[in-house]
$ cat start35.cif   # mmCIF, C-alpha atoms
data_input
#
loop_
_atom_site.group_PDB
_atom_site.id
_atom_site.type_symbol
_atom_site.label_atom_id
_atom_site.label_comp_id
_atom_site.auth_asym_id
_atom_site.auth_seq_id
_atom_site.Cartn_x
_atom_site.Cartn_y
_atom_site.Cartn_z
ATOM 1 C CA MET V 238 1.377 3.975 4.936
ATOM 2 C CA PHE V 239 1.934 6.205 7.948
ATOM 3 C CA LYS V 240 3.285 5.218 11.342
ATOM 4 C CA LEU V 241 0.598 5.314 14.044
ATOM 5 C CA THR V 242 1.014 7.519 17.089
ATOM 6 C CA GLU V 243 1.291 5.999 20.559
ATOM 7 C CA GLU V 244 -2.299 7.095 21.244
ATOM 8 C CA GLN V 245 -3.569 5.496 18.031
ATOM 9 C CA ILE V 246 -1.737 2.269 18.891
ATOM 10 C CA ARG V 247 -3.233 2.273 22.402
ATOM 11 C CA ILE V 248 -6.730 2.672 20.941
ATOM 12 C CA GLU V 249 -6.171 -0.113 18.391
ATOM 13 C CA LEU V 250 -4.783 -2.458 21.067
ATOM 14 C CA SER V 251 -7.990 -2.121 23.063
ATOM 15 C CA GLY V 252 -9.727 -4.060 20.276
ATOM 16 C CA LEU V 253 -6.962 -6.596 19.597
ATOM 17 C CA GLN V 254 -7.296 -9.455 22.054
ATOM 18 C CA GLY V 255 -3.956 -10.805 23.199
ATOM 19 C CA TRP V 256 -1.795 -8.213 21.417
ATOM 20 C CA SER V 257 0.641 -5.822 23.068
ATOM 21 C CA THR V 258 3.616 -3.746 22.000
ATOM 22 C CA VAL V 259 7.087 -5.153 22.514
ATOM 23 C CA ASN V 260 10.167 -3.336 21.239
ATOM 24 C CA GLY V 261 8.082 -1.072 19.009
ATOM 25 C CA LYS V 262 6.172 -3.922 17.371
ATOM 26 C CA LEU V 263 2.728 -5.439 17.794
ATOM 27 C CA HIS V 264 3.291 -8.789 19.513
ATOM 28 C CA LYS V 265 1.251 -11.864 20.313
ATOM 29 C CA ASP V 266 2.029 -15.442 21.302
ATOM 30 C CA PHE V 267 -0.436 -17.937 19.846
ATOM 31 C CA VAL V 268 -0.615 -21.299 21.636
ATOM 32 C CA PHE V 269 -2.241 -24.368 20.097
ATOM 33 C CA ASP V 270 -2.838 -27.947 21.214
ATOM 34 C CA ASP V 271 0.069 -29.362 19.196
ATOM 35 C CA PHE V 272 2.488 -28.764 16.335
ATOM 36 C CA ILE V 273 0.023 -29.809 13.628
ATOM 37 C CA GLU V 274 -2.537 -27.249 14.787
ATOM 38 C CA ALA V 275 0.130 -24.517 15.004
ATOM 39 C CA PHE V 276 1.500 -25.348 11.567
ATOM 40 C CA GLY V 277 -2.015 -25.450 10.117
ATOM 41 C CA PHE V 278 -2.612 -21.951 11.476
ATOM 42 C CA MET V 279 0.590 -20.757 9.812
ATOM 43 C CA CYS V 280 -0.470 -22.283 6.499
ATOM 44 C CA LYS V 281 -3.922 -20.656 6.635
ATOM 45 C CA ALA V 282 -2.360 -17.359 7.663
ATOM 46 C CA ALA V 283 0.206 -17.501 4.853
ATOM 47 C CA ILE V 284 -2.536 -17.256 2.227
ATOM 48 C CA HIS V 285 -3.926 -14.069 3.785
ATOM 49 C CA ILE V 286 -0.465 -12.680 4.456
ATOM 50 C CA GLU V 287 0.580 -13.089 0.839
ATOM 51 C CA LYS V 288 -2.631 -11.437 -0.412
ATOM 52 C CA MET V 289 -1.938 -8.485 1.898
ATOM 53 C CA ASN V 290 1.722 -8.434 0.849
ATOM 54 C CA HIS V 291 2.513 -7.681 4.478
ATOM 55 C CA HIS V 292 4.714 -10.346 6.014
ATOM 56 C CA PRO V 293 5.120 -10.877 9.768
ATOM 57 C CA GLU V 294 8.149 -11.744 11.783
ATOM 58 C CA TRP V 295 7.133 -15.047 13.306
ATOM 59 C CA PHE V 296 8.776 -17.888 15.143
ATOM 60 C CA ASN V 297 7.401 -21.365 15.788
ATOM 61 C CA VAL V 298 8.392 -23.954 18.373
ATOM 62 C CA TYR V 299 6.108 -26.971 18.711
ATOM 63 C CA ASN V 300 2.669 -25.565 19.612
ATOM 64 C CA LYS V 301 3.629 -21.893 20.036
ATOM 65 C CA ILE V 302 3.893 -19.162 17.407
ATOM 66 C CA SER V 303 5.309 -15.784 18.386
ATOM 67 C CA VAL V 304 4.306 -13.012 15.988
ATOM 68 C CA ASP V 305 5.727 -9.505 15.686
ATOM 69 C CA LEU V 306 4.213 -6.960 13.309
ATOM 70 C CA VAL V 307 5.845 -3.732 12.179
ATOM 71 C CA THR V 308 6.014 -1.839 8.906
ATOM 72 C CA HIS V 309 9.729 -1.344 8.335
ATOM 73 C CA ASP V 310 9.217 1.149 5.485
ATOM 74 C CA ALA V 311 7.187 3.413 7.812
ATOM 75 C CA GLY V 312 9.518 2.943 10.761
ATOM 76 C CA GLY V 313 6.846 1.602 13.102
ATOM 77 C CA ILE V 314 3.361 0.202 13.543
ATOM 78 C CA THR V 315 0.813 1.093 10.846
ATOM 79 C CA GLN V 316 -2.772 0.236 9.944
ATOM 80 C CA ASN V 317 -1.352 -2.650 7.859
ATOM 81 C CA ASP V 318 -0.056 -4.215 11.074
ATOM 82 C CA VAL V 319 -3.370 -3.698 12.832
ATOM 83 C CA ALA V 320 -5.243 -5.234 9.889
ATOM 84 C CA LEU V 321 -2.957 -8.281 9.870
ATOM 85 C CA ALA V 322 -3.333 -8.681 13.652
ATOM 86 C CA ARG V 323 -7.115 -8.709 13.209
ATOM 87 C CA THR V 324 -6.818 -11.289 10.439
ATOM 88 C CA LEU V 325 -4.615 -13.545 12.550
ATOM 89 C CA ASN V 326 -7.010 -13.296 15.492
ATOM 90 C CA ALA V 327 -9.917 -14.264 13.224
ATOM 91 C CA LEU V 328 -7.995 -17.297 11.925
ATOM 92 C CA GLU V 329 -7.194 -18.444 15.454
ATOM 93 C CA LYS V 330 -10.856 -19.208 16.153
#
$ encode --input "start35.cif" --output "structure tokens"
Amino acid sequence: MFKLTEEQIRIELSGLQGWSTVNGKLHKDFVFDDFIEAFGFMCKAAIHIEKMNHHPEWFNVYNKISVDLVTHDAGGITQNDVALARTLNALEK
């Protein structure tokens, strides 16, 4: 897996609703109606995440989940991160 260039990241972000780059990582805050909905999202996401073998940095407080995606082995954002961001967006709906 190769690290994406800044231009490639900019292009990918144009198709990733709600995502931005923060500290060299793809970042999004997901907000749900309550804790149960947020936790349910995390459980659904965990199945896909494990299949991809690409695990996010995420943090949950009540109805909010903050997600950061980066491929540590590549030293930055890769297509794996973009693919996981797309998956998480699809699960949000």
$ closest_residue --input "start35.cif" --among "V:Asp305, V:Asp270, V:Glu243, V:Glu249" --to "Leu325 in chain V" --atoms "all atoms listed in the file"
V:Asp305
$ resolve_selection --input "start35.cif" --expression "the PyMOL selection byres ((chain V and resi 255) around 12)" --output "number ranges by chain"
V: 249-254, 256-258, 263-268, 303-304, 322-323, 325-326, 329
$ write_last_selection --input "start35.cif" --atoms "C-alpha atoms" --output "mmCIF file, in the coordinates of the input"
data_model
loop_
_atom_site.group_PDB
_atom_site.id
_atom_site.type_symbol
_atom_site.label_atom_id
_atom_site.label_comp_id
_atom_site.auth_asym_id
_atom_site.auth_seq_id
_atom_site.Cartn_x
_atom_site.Cartn_y
_atom_site.Cartn_z
ATOM 1 C CA GLU V 249 -6.171 -0.113 18.391
ATOM 2 C CA LEU V 250 -4.783 -2.458 21.067
ATOM 3 C CA SER V 251 -7.990 -2.121 23.063
ATOM 4 C CA GLY V 252 -9.727 -4.060 20.276
ATOM 5 C CA LEU V 253 -6.962 -6.596 19.597
ATOM 6 C CA GLN V 254 -7.296 -9.455 22.054
ATOM 7 C CA TRP V 256 -1.795 -8.213 21.417
ATOM 8 C CA SER V 257 0.641 -5.822 23.068
ATOM 9 C CA THR V 258 3.616 -3.746 22.000
ATOM 10 C CA LEU V 263 2.728 -5.439 17.794
ATOM 11 C CA HIS V 264 3.291 -8.789 19.513
ATOM 12 C CA LYS V 265 1.251 -11.864 20.313
ATOM 13 C CA ASP V 266 2.029 -15.442 21.302
ATOM 14 C CA PHE V 267 -0.436 -17.937 19.846
ATOM 15 C CA VAL V 268 -0.615 -21.299 21.636
ATOM 16 C CA SER V 303 5.309 -15.784 18.386
ATOM 17 C CA VAL V 304 4.306 -13.012 15.988
ATOM 18 C CA ALA V 322 -3.333 -8.681 13.652
ATOM 19 C CA ARG V 323 -7.115 -8.709 13.209
ATOM 20 C CA LEU V 325 -4.615 -13.545 12.550
ATOM 21 C CA ASN V 326 -7.010 -13.296 15.492
ATOM 22 C CA GLU V 329 -7.194 -18.444 15.454
#
$ closest_residue --input "start35.cif" --among "V:Val298, V:Val307, V:Ile314, V:Ile286" --to "Thr242 in chain V" --atoms "only C-alpha atoms"
V:Ile314
$ residues_around --input "start35.cif" --residues "Thr315 in chain V" --least-positions-apart "4" --cutoff "12 Å" --atoms "all atoms listed in the file" --output "PyMOL selection string"
chain V and resi 238-243+245-246+249+261-263+291+306-311+319-322
$ closest_residue --input "start35.cif" --among "V:Asn300, V:Gly312, V:Trp295, V:Arg247" --to "Glu274 in chain V" --atoms "only C-alpha atoms"
V:Asn300
$ atom_distance --input "start35.cif" --atom1 "CA of Thr324 in chain V" --atom2 "CA of Cys280 in chain V"
13.3 Å
$ atom_distance --input "start35.cif" --atom1 "CA of Ile302 in chain V" --atom2 "CA of Ile248 in chain V"
24.5 Å
$ axis_aligned_box --input "start35.cif" --around "range 297-300 of chain V" --padding-each-side "6 Å" --output "AutoDock Vina command-line options"
--center_x 5.5 --center_y -24.2 --center_z 17.7 --size_x 17.7 --size_y 17.6 --size_z 15.8
$ atom_distance --input "start35.cif" --atom1 "CA of Ile273 in chain V" --atom2 "CA of Val259 in chain V"
27.1 Å
$ build_atoms --input "start35.cif" --residues "range 285-296 of chain V" --atoms "all heavy atoms" --output "mmCIF file, keeping the file's coordinate frame"
data_model
loop_
_atom_site.group_PDB
_atom_site.id
_atom_site.type_symbol
_atom_site.label_atom_id
_atom_site.label_comp_id
_atom_site.auth_asym_id
_atom_site.auth_seq_id
_atom_site.Cartn_x
_atom_site.Cartn_y
_atom_site.Cartn_z
ATOM 1 N N HIS V 285 -3.473 -15.435 3.537
ATOM 2 C CA HIS V 285 -3.926 -14.069 3.785
ATOM 3 C C HIS V 285 -2.746 -13.092 3.784
ATOM 4 O O HIS V 285 -2.853 -11.982 3.260
ATOM 5 C CB HIS V 285 -4.677 -13.986 5.111
ATOM 6 C CG HIS V 285 -5.938 -14.778 5.111
ATOM 7 N ND1 HIS V 285 -7.117 -14.300 4.614
ATOM 8 C CD2 HIS V 285 -6.192 -16.048 5.535
ATOM 9 C CE1 HIS V 285 -8.055 -15.222 4.725
ATOM 10 N NE2 HIS V 285 -7.521 -16.290 5.287
ATOM 11 N N ILE V 286 -1.659 -13.517 4.373
ATOM 12 C CA ILE V 286 -0.465 -12.680 4.456
ATOM 13 C C ILE V 286 0.042 -12.339 3.062
ATOM 14 O O ILE V 286 0.364 -11.186 2.769
ATOM 15 C CB ILE V 286 0.622 -13.396 5.290
ATOM 16 C CG1 ILE V 286 0.222 -13.416 6.766
ATOM 17 C CG2 ILE V 286 1.990 -12.778 5.081
ATOM 18 C CD1 ILE V 286 1.006 -14.400 7.615
ATOM 19 N N GLU V 287 0.091 -13.316 2.202
ATOM 20 C CA GLU V 287 0.580 -13.089 0.839
ATOM 21 C C GLU V 287 -0.359 -12.150 0.073
ATOM 22 O O GLU V 287 0.105 -11.260 -0.642
ATOM 23 C CB GLU V 287 0.748 -14.419 0.103
ATOM 24 C CG GLU V 287 1.487 -14.294 -1.203
ATOM 25 C CD GLU V 287 2.921 -13.779 -1.073
ATOM 26 O OE1 GLU V 287 3.544 -13.912 0.002
ATOM 27 O OE2 GLU V 287 3.414 -13.222 -2.083
ATOM 28 N N LYS V 288 -1.671 -12.336 0.245
ATOM 29 C CA LYS V 288 -2.631 -11.437 -0.412
ATOM 30 C C LYS V 288 -2.458 -10.000 0.059
ATOM 31 O O LYS V 288 -2.616 -9.064 -0.713
ATOM 32 C CB LYS V 288 -4.066 -11.895 -0.153
ATOM 33 C CG LYS V 288 -4.466 -13.114 -0.938
ATOM 34 C CD LYS V 288 -5.897 -13.514 -0.624
ATOM 35 C CE LYS V 288 -6.258 -14.803 -1.329
ATOM 36 N NZ LYS V 288 -7.612 -15.253 -0.950
ATOM 37 N N MET V 289 -2.141 -9.821 1.337
ATOM 38 C CA MET V 289 -1.938 -8.485 1.898
ATOM 39 C C MET V 289 -0.562 -7.926 1.538
ATOM 40 O O MET V 289 -0.327 -6.730 1.681
ATOM 41 C CB MET V 289 -2.068 -8.519 3.426
ATOM 42 C CG MET V 289 -3.447 -8.845 3.930
ATOM 43 S SD MET V 289 -3.504 -8.970 5.746
ATOM 44 C CE MET V 289 -3.399 -7.242 6.188
ATOM 45 N N ASN V 290 0.334 -8.809 1.114
ATOM 46 C CA ASN V 290 1.722 -8.434 0.849
ATOM 47 C C ASN V 290 2.328 -7.712 2.059
ATOM 48 O O ASN V 290 3.003 -6.696 1.941
ATOM 49 C CB ASN V 290 1.851 -7.584 -0.419
ATOM 50 C CG ASN V 290 3.299 -7.473 -0.869
ATOM 51 O OD1 ASN V 290 4.095 -8.363 -0.653
ATOM 52 N ND2 ASN V 290 3.634 -6.349 -1.488
ATOM 53 N N HIS V 291 2.013 -8.257 3.223
ATOM 54 C CA HIS V 291 2.513 -7.681 4.478
ATOM 55 C C HIS V 291 2.924 -8.854 5.369
ATOM 56 O O HIS V 291 2.086 -9.510 5.978
ATOM 57 C CB HIS V 291 1.429 -6.835 5.141
ATOM 58 C CG HIS V 291 1.946 -6.028 6.274
ATOM 59 N ND1 HIS V 291 2.966 -5.113 6.127
ATOM 60 C CD2 HIS V 291 1.597 -5.992 7.578
ATOM 61 C CE1 HIS V 291 3.214 -4.555 7.294
ATOM 62 N NE2 HIS V 291 2.407 -5.072 8.198
ATOM 63 N N HIS V 292 4.207 -9.117 5.421
ATOM 64 C CA HIS V 292 4.714 -10.346 6.014
ATOM 65 C C HIS V 292 5.192 -10.136 7.448
ATOM 66 O O HIS V 292 5.961 -9.214 7.717
ATOM 67 C CB HIS V 292 5.839 -10.895 5.138
ATOM 68 C CG HIS V 292 5.368 -11.136 3.731
ATOM 69 N ND1 HIS V 292 5.404 -10.146 2.773
ATOM 70 C CD2 HIS V 292 4.802 -12.207 3.151
ATOM 71 C CE1 HIS V 292 4.906 -10.621 1.641
ATOM 72 N NE2 HIS V 292 4.521 -11.869 1.846
ATOM 73 N N PRO V 293 4.743 -11.007 8.355
ATOM 74 C CA PRO V 293 5.120 -10.877 9.768
ATOM 75 C C PRO V 293 6.511 -11.427 10.054
ATOM 76 O O PRO V 293 7.076 -12.185 9.258
ATOM 77 C CB PRO V 293 4.070 -11.738 10.476
ATOM 78 C CG PRO V 293 3.795 -12.826 9.489
ATOM 79 C CD PRO V 293 3.847 -12.147 8.134
ATOM 80 N N GLU V 294 7.008 -11.050 11.198
ATOM 81 C CA GLU V 294 8.149 -11.744 11.783
ATOM 82 C C GLU V 294 7.505 -12.773 12.706
ATOM 83 O O GLU V 294 6.742 -12.402 13.600
ATOM 84 C CB GLU V 294 9.003 -10.770 12.600
ATOM 85 C CG GLU V 294 9.575 -9.638 11.776
ATOM 86 C CD GLU V 294 10.259 -8.574 12.632
ATOM 87 O OE1 GLU V 294 10.436 -8.775 13.862
ATOM 88 O OE2 GLU V 294 10.584 -7.525 12.071
ATOM 89 N N TRP V 295 7.736 -14.049 12.434
ATOM 90 C CA TRP V 295 7.133 -15.047 13.306
ATOM 91 C C TRP V 295 8.099 -16.182 13.550
ATOM 92 O O TRP V 295 9.019 -16.427 12.793
ATOM 93 C CB TRP V 295 5.785 -15.506 12.819
ATOM 94 C CG TRP V 295 5.666 -16.128 11.439
ATOM 95 C CD1 TRP V 295 6.647 -16.407 10.541
ATOM 96 C CD2 TRP V 295 4.446 -16.545 10.820
ATOM 97 N NE1 TRP V 295 6.122 -16.964 9.417
ATOM 98 C CE2 TRP V 295 4.782 -17.058 9.554
ATOM 99 C CE3 TRP V 295 3.125 -16.525 11.212
ATOM 100 C CZ2 TRP V 295 3.813 -17.562 8.678
ATOM 101 C CZ3 TRP V 295 2.180 -17.025 10.336
ATOM 102 C CH2 TRP V 295 2.524 -17.533 9.085
ATOM 103 N N PHE V 296 7.879 -16.844 14.679
ATOM 104 C CA PHE V 296 8.776 -17.888 15.143
ATOM 105 C C PHE V 296 7.928 -18.996 15.746
ATOM 106 O O PHE V 296 7.046 -18.727 16.553
ATOM 107 C CB PHE V 296 9.725 -17.295 16.203
ATOM 108 C CG PHE V 296 10.721 -18.274 16.743
ATOM 109 C CD1 PHE V 296 11.824 -18.650 15.991
ATOM 110 C CD2 PHE V 296 10.559 -18.816 18.001
ATOM 111 C CE1 PHE V 296 12.756 -19.549 16.490
ATOM 112 C CE2 PHE V 296 11.477 -19.715 18.511
ATOM 113 C CZ PHE V 296 12.579 -20.078 17.759
#
